[in-house]
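Visitor: So that you have it, the file is upload.cif, and it contains mmCIF, C-alpha atoms:
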```cif
data_query
#
loop_
_atom_site.label_atom_id
_atom_site.label_comp_id
_atom_site.auth_asym_id
_atom_site.auth_seq_id
_atom_site.Cartn_x
_atom_site.Cartn_y
_atom_site.Cartn_z
CA MET A 1 106.07 105.45 103.35
CA THR A 2 109.29 104.80 105.28
CA GLU A 3 111.80 102.66 103.39
CA GLY A 4 111.19 98.98 104.05
CA THR A 5 107.92 99.59 105.89
CA VAL A 6 104.84 97.45 105.27
CA ARG A 7 101.49 98.82 106.43
CA ILE A 8 97.84 97.84 106.53
CA ASP A 9 95.42 100.31 104.96
CA GLY A 10 91.94 98.94 105.63
CA ASN A 11 92.25 95.41 104.25
CA THR A 12 95.05 96.35 101.85
CA LEU A 13 98.69 95.49 102.42
CA ARG A 14 100.90 98.37 101.29
CA LEU A 15 104.49 97.38 100.53
CA PRO A 16 107.27 99.86 99.72
CA GLY A 17 107.34 101.12 96.14
CA GLY A 18 103.60 101.65 95.88
CA VAL A 19 102.69 97.94 95.83
CA ARG A 20 99.16 97.20 97.06
CA VAL A 21 97.89 93.68 97.71
CA ARG A 22 94.41 92.56 98.78
CA PHE A 23 93.34 89.00 99.51
CA ILE A 24 89.99 88.30 97.84
CA ARG A 25 87.49 85.61 98.81
CA THR A 26 86.10 83.67 95.86
CA LEU A 27 84.27 80.55 94.72
CA ARG A 28 86.18 77.29 94.61
CA LEU A 29 86.38 75.76 91.13
CA PRO A 30 85.92 72.08 90.27
CA GLU A 31 89.25 70.26 90.06
CA THR A 32 88.58 69.05 86.51
CA GLY A 33 88.36 71.18 83.39
CA THR A 34 89.47 74.77 82.77
CA HIS A 35 87.17 77.60 83.78
CA ALA A 36 86.61 81.36 83.55
CA LEU A 37 87.85 83.61 86.36
CA PRO A 38 85.57 83.27 89.41
CA PRO A 39 84.07 86.38 91.00
CA GLY A 40 85.35 88.23 94.04
CA LEU A 41 83.19 87.84 97.15
CA GLY A 42 84.80 90.54 99.29
CA GLU A 43 88.12 90.98 101.02
CA PHE A 44 89.66 88.87 103.74
CA PRO A 45 90.20 90.97 106.87
CA ILE A 46 93.86 91.25 107.84
CA ARG A 47 95.41 92.08 111.21
CA ARG A 48 98.94 92.68 112.47
CA VAL A 49 100.36 89.74 114.41
CA GLU A 50 102.06 92.03 116.94
CA ASP A 51 98.70 93.51 117.96
CA TYR A 52 97.81 90.09 119.43
CA ALA A 53 101.14 89.12 120.94
CA ASP A 54 99.43 87.60 124.00
CA THR A 55 97.26 85.20 122.02
CA VAL A 56 99.16 84.20 118.86
CA PRO A 57 101.61 81.25 118.86
CA ALA A 58 105.22 82.09 119.69
CA GLU A 59 106.44 81.11 116.22
CA TRP A 60 104.04 83.63 114.68
CA ARG A 61 105.46 86.39 116.86
CA ALA A 62 108.94 85.41 115.69
CA ARG A 63 107.93 85.65 112.02
CA GLY A 64 105.91 88.85 112.45
CA GLY A 65 103.69 89.95 109.61
CA VAL A 66 99.92 89.75 109.38
CA MET A 67 97.15 87.15 109.60
CA LEU A 68 93.80 86.47 107.96
CA PRO A 69 90.98 83.94 108.59
CA VAL A 70 90.27 81.25 106.01
CA TYR A 71 88.00 78.19 105.93
CA LEU A 72 89.14 74.67 105.02
CA ARG A 73 89.16 74.39 101.21
CA GLU A 74 88.25 78.06 100.81
CA ALA A 75 89.69 79.65 97.66
CA MET A 76 91.35 83.06 97.37
CA TRP A 77 93.06 85.31 94.89
CA LEU A 78 95.46 88.22 95.21
CA SER A 79 94.49 91.61 93.78
CA PHE A 80 97.18 94.17 92.91
CA GLY A 81 94.79 96.99 91.97
CA GLY A 82 96.02 100.43 93.04
CA THR A 83 99.69 99.64 92.52
CA SER A 84 101.11 102.73 90.85
CA GLU A 85 104.80 102.50 89.92
CA PRO A 86 106.43 99.44 88.30
CA ALA A 87 107.42 96.76 90.79
CA ALA A 88 108.48 93.13 90.80
CA LEU A 89 106.56 91.13 93.40
CA GLN A 90 107.53 87.68 94.61
CA VAL A 91 104.66 85.50 95.86
CA GLY A 92 105.48 82.49 97.99
CA VAL A 93 103.19 79.70 99.22
CA GLY A 94 104.93 77.99 102.12
CA LYS A 95 108.15 79.61 100.83
CA VAL A 96 107.76 77.99 97.41
CA CYS A 97 107.56 80.50 94.56
CA ALA A 98 104.04 80.47 93.09
CA VAL A 99 105.45 81.52 89.69
CA SER A 100 108.55 79.33 89.24
CA GLY A 101 108.08 76.51 91.77
CA LYS A 102 111.59 77.16 93.08
CA PRO A 103 112.52 77.69 96.77
CA TRP A 104 111.97 81.18 98.20
CA SER A 105 114.81 83.56 97.33
CA SER A 106 115.86 87.07 98.28
CA ARG A 107 116.90 87.71 94.66
CA LEU A 108 115.00 88.08 91.43
CA THR A 109 115.73 85.52 88.72
CA ARG A 110 114.70 85.37 85.08
CA ASP A 111 115.32 81.72 84.16
CA PRO A 112 112.88 80.75 85.45
CA GLN A 113 111.15 84.06 86.29
CA ASN A 114 110.31 84.06 90.01
CA TYR A 115 108.09 87.16 90.23
CA VAL A 116 105.13 88.96 88.71
CA VAL A 117 105.40 92.47 87.26
CA LEU A 118 103.08 95.15 88.62
CA PRO A 119 100.88 96.89 87.64
CA ARG A 120 101.01 94.78 84.44
CA GLN A 121 99.77 91.73 86.38
CA PRO A 122 96.42 92.86 87.83
CA TRP A 123 95.90 89.77 90.00
CA LEU A 124 97.05 86.22 90.70
CA ASP A 125 94.49 83.47 91.37
CA GLY A 126 96.86 80.53 91.83
CA ILE A 127 100.14 78.86 90.98
CA ASN A 128 101.48 79.19 87.45
CA SER A 129 100.52 76.08 85.49
CA GLY A 130 101.53 77.68 82.18
CA LYS A 131 99.91 77.82 78.74
CA GLY A 132 97.58 80.60 79.83
CA THR A 133 96.30 78.89 82.99
CA VAL A 134 96.80 78.89 86.76
CA ARG A 135 95.67 76.40 89.44
CA GLN A 136 93.49 78.04 92.07
CA PHE A 137 94.82 78.82 95.57
CA VAL A 138 92.89 76.64 98.08
CA ALA A 139 93.46 76.58 101.86
CA VAL A 140 94.35 73.27 103.53
CA PRO A 141 95.90 72.34 106.89
CA LEU A 142 99.57 71.45 107.17
CA GLY A 143 100.42 67.86 107.95
CA LEU A 144 98.51 66.11 105.16
CA GLY A 145 101.03 66.78 102.40
CA ALA A 146 98.35 68.52 100.31
CA THR A 147 99.96 71.97 100.21
CA VAL A 148 102.18 73.16 97.37
CA GLU A 149 104.95 73.34 99.96
CA GLY A 150 104.47 69.70 100.96
CA GLN A 151 104.36 68.39 97.40
CA VAL A 152 107.34 70.40 96.15
CA THR A 153 109.69 70.17 99.15
CA GLY A 154 108.51 66.96 100.83
CA GLU A 155 107.83 68.71 104.14
CA GLU A 156 105.43 71.31 105.57
CA VAL A 157 107.20 73.83 107.77
CA TRP A 158 106.08 77.35 106.86
CA GLY A 159 102.56 77.44 105.47
CA GLY A 160 100.97 80.83 104.83
CA VAL A 161 101.82 83.29 102.05
CA GLN A 162 104.99 85.33 101.61
CA LEU A 163 105.30 88.60 99.69
CA GLN A 164 108.44 90.52 98.74
CA SER A 165 108.62 93.64 96.53
CA PHE A 166 111.42 95.07 94.38
CA PRO A 167 111.21 98.55 92.80
CA LEU A 168 113.03 99.64 89.67
CA ASN A 169 116.61 100.70 90.37
CA ASP A 170 117.16 104.42 90.94
CA ARG A 171 118.17 105.17 87.35
CA GLU A 172 115.29 103.26 85.76
CA LEU A 173 112.76 104.66 88.22
CA ALA A 174 113.86 108.24 87.53
CA ALA A 175 113.56 107.63 83.78
CA TRP A 176 110.11 106.06 84.19
CA ARG A 177 108.86 108.98 86.31
CA GLU A 178 110.14 111.51 83.78
CA ALA A 179 108.44 109.64 80.92
CA GLU A 180 105.18 109.55 82.91
CA ARG A 181 105.46 113.29 83.63
CA ARG A 182 105.86 114.05 79.93
CA ARG A 183 102.93 111.81 78.97
CA ALA A 184 100.75 113.53 81.57
CA GLU A 185 101.68 116.94 80.17
CA GLU A 186 100.86 115.81 76.64
CA ARG A 187 97.47 114.49 77.72
CA ARG A 188 96.76 117.72 79.60
CA GLU A 189 97.60 119.79 76.52
CA MET A 190 95.41 117.59 74.33
CA THR A 191 92.50 117.87 76.77
CA LEU A 192 92.78 121.65 77.01
CA SER A 193 93.08 122.04 73.24
CA ALA A 194 89.84 120.06 72.89
CA GLY A 195 88.05 122.47 75.23
CA GLY A 196 88.13 120.29 78.35
CA TYR A 197 89.57 120.89 81.78
CA GLY A 198 92.10 118.94 83.79
CA ALA A 199 94.35 116.08 82.83
CA ALA A 200 93.61 112.45 82.14
CA PHE A 201 95.64 110.01 84.20
CA PRO A 202 96.31 106.32 83.57
CA MET A 203 93.86 104.02 85.29
CA ALA A 204 95.00 101.37 87.71
CA ALA A 205 94.25 97.70 87.16
CA PRO A 206 90.61 96.81 87.82
CA ALA A 207 89.80 96.24 91.46
CA ALA A 208 87.61 93.49 92.84
CA PRO A 209 84.57 94.16 95.01
CA GLY A 210 85.40 94.13 98.70
CA ALA A 211 83.79 94.20 102.07
CA ALA A 212 84.22 96.96 104.65
CA PRO A 213 86.85 96.04 107.27
CA PRO A 214 85.43 94.79 110.57
CA PRO A 215 86.35 96.69 113.73
CA MET A 216 89.55 95.89 115.57
CA GLY A 217 89.23 93.73 118.64
CA GLY A 218 91.22 91.86 121.21
CA ALA A 219 91.02 88.69 123.22
CA ALA A 220 92.48 87.77 126.56
CA GLY A 221 94.19 84.47 127.00
CA ARG A 222 97.52 82.72 126.85
CA PRO A 223 99.17 81.99 123.51
CA ARG A 224 99.09 78.42 122.34
CA SER A 225 99.86 76.40 119.25
CA ALA A 226 97.34 77.11 116.49
CA PRO A 227 96.33 74.82 113.63
CA ALA A 228 98.67 75.77 110.80
CA MET A 229 97.23 76.40 107.32
CA GLY A 230 98.84 76.57 103.91
CA LEU A 231 97.81 76.73 100.27
CA GLY A 232 97.22 73.79 97.99
CA VAL A 233 95.72 73.92 94.50
CA GLY A 234 92.24 73.48 93.13
CA GLY A 235 90.77 73.83 89.68
CA SER A 236 92.35 75.35 86.59
CA MET A 237 91.32 78.70 85.14
CA ARG A 238 92.28 80.82 82.16
CA GLN A 239 94.79 83.38 83.40
CA GLU A 240 98.22 84.37 82.15
CA VAL A 241 101.27 85.04 84.29
CA TYR A 242 103.12 87.61 82.24
CA ARG A 243 106.74 87.49 81.21
CA ASP A 244 108.79 90.53 82.23
CA ASP A 245 109.74 92.63 79.20
CA ARG A 246 112.44 94.60 81.06
CA PRO A 247 116.05 93.45 81.51
CA LEU A 248 116.64 91.92 84.94
CA LYS A 249 119.20 94.65 85.68
CA SER A 250 116.37 97.23 85.59
CA TRP A 251 115.24 96.09 89.04
CA ALA A 252 116.78 96.84 92.41
CA LYS A 253 119.07 94.09 93.68
CA GLU A 254 117.62 94.15 97.20
CA PRO A 255 113.93 93.90 98.16
CA ALA A 256 112.27 97.07 99.39
CA GLY A 257 109.97 95.23 101.78
CA ARG A 258 108.51 91.86 102.65
CA VAL A 259 105.73 90.38 104.78
CA PHE A 260 104.66 86.96 106.08
CA VAL A 261 100.90 86.30 105.86
CA HIS A 262 99.64 83.69 108.35
CA LEU A 263 96.45 81.77 107.51
CA VAL A 264 94.17 81.23 110.52
CA THR A 265 91.21 78.86 110.94
CA PRO A 266 87.94 80.65 111.83
CA PRO A 267 87.83 79.24 115.43
CA GLU A 268 91.42 80.37 116.02
CA TRP A 269 90.65 83.79 114.54
CA ARG A 270 87.88 84.25 117.07
CA ARG A 271 90.09 83.04 119.93
CA ILE A 272 93.07 85.20 118.94
CA THR A 273 91.30 88.42 117.98
CA GLY A 274 87.94 88.22 119.72
CA GLU A 275 86.29 88.96 116.34
CA ALA A 276 83.74 86.85 114.50
CA PRO A 277 85.23 85.43 111.30
CA PRO A 278 83.50 86.20 107.99
CA PRO A 279 80.70 83.77 107.06
CA SER A 280 81.50 80.89 104.75
CA PRO A 281 81.28 81.97 101.05
CA VAL A 282 78.04 81.49 99.13
CA ASP A 283 77.85 78.19 97.28
CA ARG A 284 78.84 78.51 93.64
CA ALA A 285 75.70 76.89 92.20
CA ALA A 286 73.51 79.53 93.87
CA TYR A 287 75.82 82.25 92.56
CA THR A 288 75.58 80.96 89.00
CA ARG A 289 71.82 80.42 89.17
CA ALA A 290 71.45 84.06 90.20
CA GLY A 291 73.07 85.11 86.92
CA LEU A 292 76.00 86.90 88.58
CA PRO A 293 79.16 87.45 86.51
CA TRP A 294 82.29 85.39 85.97
CA PHE A 295 85.24 86.95 84.14
CA ASP A 296 87.60 86.44 81.22
CA TYR A 297 90.81 88.50 81.09
CA TYR A 298 93.06 88.74 78.03
CA ASP A 299 96.00 91.03 77.29
CA GLN A 300 97.14 90.65 73.70
CA ASP A 301 100.30 92.71 74.24
CA ALA A 302 101.73 90.49 76.99
CA THR A 303 103.57 87.16 76.88
CA ASP A 304 102.59 84.28 79.15
CA LEU A 305 105.28 82.45 81.12
CA ALA A 306 105.90 78.84 80.20
CA PRO A 307 104.86 76.16 82.73
CA THR A 308 107.42 74.72 85.13
CA ASP A 309 107.81 70.99 85.72
CA THR A 310 107.76 71.56 89.49
CA LEU A 311 104.40 73.32 89.66
CA GLY A 312 102.91 71.33 86.80
CA SER A 313 103.10 68.15 88.89
CA VAL A 314 101.29 69.58 91.95
CA GLN A 315 98.08 67.62 92.57
CA PRO A 316 94.74 69.15 93.68
CA VAL A 317 93.65 69.10 97.32
CA GLY A 318 90.84 66.68 96.50
CA ASP A 319 93.43 63.91 96.25
CA TRP A 320 93.94 64.30 100.03
CA LEU A 321 90.58 65.56 101.26
CA GLY A 322 88.29 63.56 99.00
CA ASP A 323 85.97 64.50 96.16
CA ASP A 324 84.23 67.85 96.10
CA HIS A 325 80.54 67.01 96.51
CA GLU A 326 79.32 70.58 96.13
CA PRO A 327 77.23 70.69 92.93
CA TRP A 328 78.78 72.48 89.98
CA GLN A 329 76.72 74.58 87.61
CA GLN A 330 78.51 75.91 84.55
CA PRO A 331 77.96 79.67 84.01
CA SER A 332 76.14 80.57 80.82
CA PRO A 333 78.10 82.48 78.15
CA HIS A 334 76.39 85.80 78.94
CA GLN A 335 77.61 85.59 82.55
CA VAL A 336 81.31 85.59 81.54
CA LYS A 337 82.31 89.25 81.29
CA PRO A 338 85.43 90.26 79.29
CA LEU A 339 87.94 92.51 81.04
CA LYS A 340 90.53 94.77 79.37
CA ASP A 341 91.52 94.14 75.68
CA ALA A 342 95.35 106.35 104.83
CA PRO A 343 98.32 104.63 106.17
CA GLY A 344 98.12 102.34 109.21
CA LYS A 345 100.73 101.23 111.68
CA PRO A 346 103.82 99.54 110.18
CA VAL A 347 103.79 95.74 110.05
CA GLU A 348 106.65 94.16 111.95
CA ASP A 349 108.85 91.71 110.05
CA GLY A 350 110.55 88.73 111.67
CA ASP A 351 112.68 85.66 111.02
CA TRP A 352 111.50 83.47 108.17
#
```
Show me the file's structure as structure tokens.
Guide:
Amino acid sequence: MTEGTVRIDGNTLRLPGGVRVRFIRTLRLPETGTHALPPGLGEFPIRRVEDYADTVPAEWRARGGVMLPVYLREAMWLSFGGTSEPAALQVGVGKVCAVSGKPWSSRLTRDPQNYVVLPRQPWLDGINSGKGTVRQFVAVPLGLGATVEGQVTGEEVWGGVQLQSFPLNDRELAAWREAERRRAEERREMTLSAGGYGAAFPMAAPAAPGAAPPPMGGAAGRPRSAPAMGLGVGGSMRQEVYRDDRPLKSWAKEPAGRVFVHLVTPPEWRRITGEAPPPSPVDRAAYTRAGLPWFDYYDQDATDLAPTDTLGSVQPVGDWLGDDHEPWQQPSPHQVKPLKDAPGKPVEDGDW
């Protein structure tokens, strides 16, 4: 991949340094209590903004990046499965760091840590609320003050999601690759000495189930202002945001690539792209009644980041949009499953 180039591969965003990010549809949690990890219900389709220059708002063209369709109060999580080499990834929600609660920055910081470490962090379901929990990402319109951006900064200007990746510096990356080469040789020798064939390679983080990408389309029409969407928070779930165990100087000082992800309402998605948006997710009670799995992830070798005062005070979207009247059915213990113990065209960046 060309230095600094972001591409779409199916529904996967590929950032420089081997970083892969997918946006996963999921069930929205109740805003009270702490819950297991909800299931993935397929991938959000993503499209390049520049492919629809005639129908997207002018400010979207200026920011570049990609877009995806999301329903009001729909929940999502970010999957990093397939990421190969170590990378530091910053995740912004309306240009507020989802890990530290601080304003978006072009630099990595450690106190507080403003990034997640890949592939150590297999996914991120929401903002870091600390003590082994996160608050679920939930889509809401700008203008109500319900987004993380609105509550932290007092205004809603950006919306969407921002991603920025940093590889290891040249010296550290060369040392890591050499260590991986030696480990692969040792595993190959062990396999052959045991009478087997081939080498065993480290597995990537578990991937969520996804849907096949819909076909590309287009729509005629003049660009206009589109309803802007951002991310607020929903219910709490058990998930750690891991502390980096490398010195900060191990990482490159400059980002290798970045991308702005615009969130589009389903009607606007149809108008802009000419494609039908995905159907609204299945209701969670029906999912639970069917006996389908929820998940519990624990990594005993990693250290969870402490909560930040900024993100800890963010209130759920129900405070703005009203109570969630969808019935909640708690999954039974046997449904909670333990986990662990082709390049496309480049995505154009813009001003943001």
Visitor: Run the PyMOL selection byres ((chain A and resi 236) around 7) mentally over the shown coordinates, then write out the matched residues as an NGL selection string, using the chain letters and numbers from the document.
Guide: :A and (31 or 33-35 or 133-136 or 234-235 or 237)
Visitor: List every protein, DNA or RNA residue that has an atom no more than 7 Å from (104.7, 97.7, 100.2) in the file's coordinate frame, counting only C-alpha atoms, and report them as a list in words.
Guide: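 Output: Thr5, Val6, Leu13, Arg14, Leu15, Pro16, Gly17, Gly18, Val19, Arg20, Ser165 and Gly257 of chain A.
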Visitor: If you count all atoms listed in the file, which residues fall within 8 Å of region 240-252 of chain A, apart from same-chain ones fewer than 4 positions away, as an MDAnalysis selection string?
Guide: chainID A and resid 88 99 108:110 113 116:117 120:121 124 128 130:134 166:170 172 298 302:305
Visitor: Pick out the residues sitting within 12 Å of region 153-160 of chain A, and hand them over as number ranges by chain; count only C-alpha atoms, and ignore anything fewer than 2 positions along from it in its own chain.
Guide: A: 59-60, 63, 65-70, 91-97, 101-104, 137-151, 162-163, 227-232, 259-265, 310-311, 314, 351-352
Visitor: So which residues get picked by the PyMOL selection byres ((chain A and resi 24) around 8) here, written as a list in words?
Guide: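 With the PyMOL selection byres ((chain A and resi 24) around 8) on this model, the match is Arg22, Phe23, Arg25, Thr26, Gly40, Leu41, Gly42, Glu43, Phe44, Met76, Trp77, Leu78, Ser79, Ala208 and Gly210 of chain A.
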Visitor: Which value, in Å to one decimal, gives the distance between CA of Phe80 (chain A) and CA of Leu118 (chain A)?
Guide: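 If I compute the distance from CA of Phe80 (chain A) to CA of Leu118 (chain A), I get 7.4 Å.
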Visitor: Between CA of Ser100 (chain A) and CA of Glu74 (chain A), what is the spacing in Å?
Guide: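 Straight-line distance from CA of Glu74 (chain A) to CA of Ser100 (chain A) works out to 23.4 Å.
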Visitor: When you count only C-alpha atoms, which of these residues is closest to Ala175 (chain A): A:Pro266, A:Pro45, A:Pro112, A:Pro86?
Guide: A:Pro86
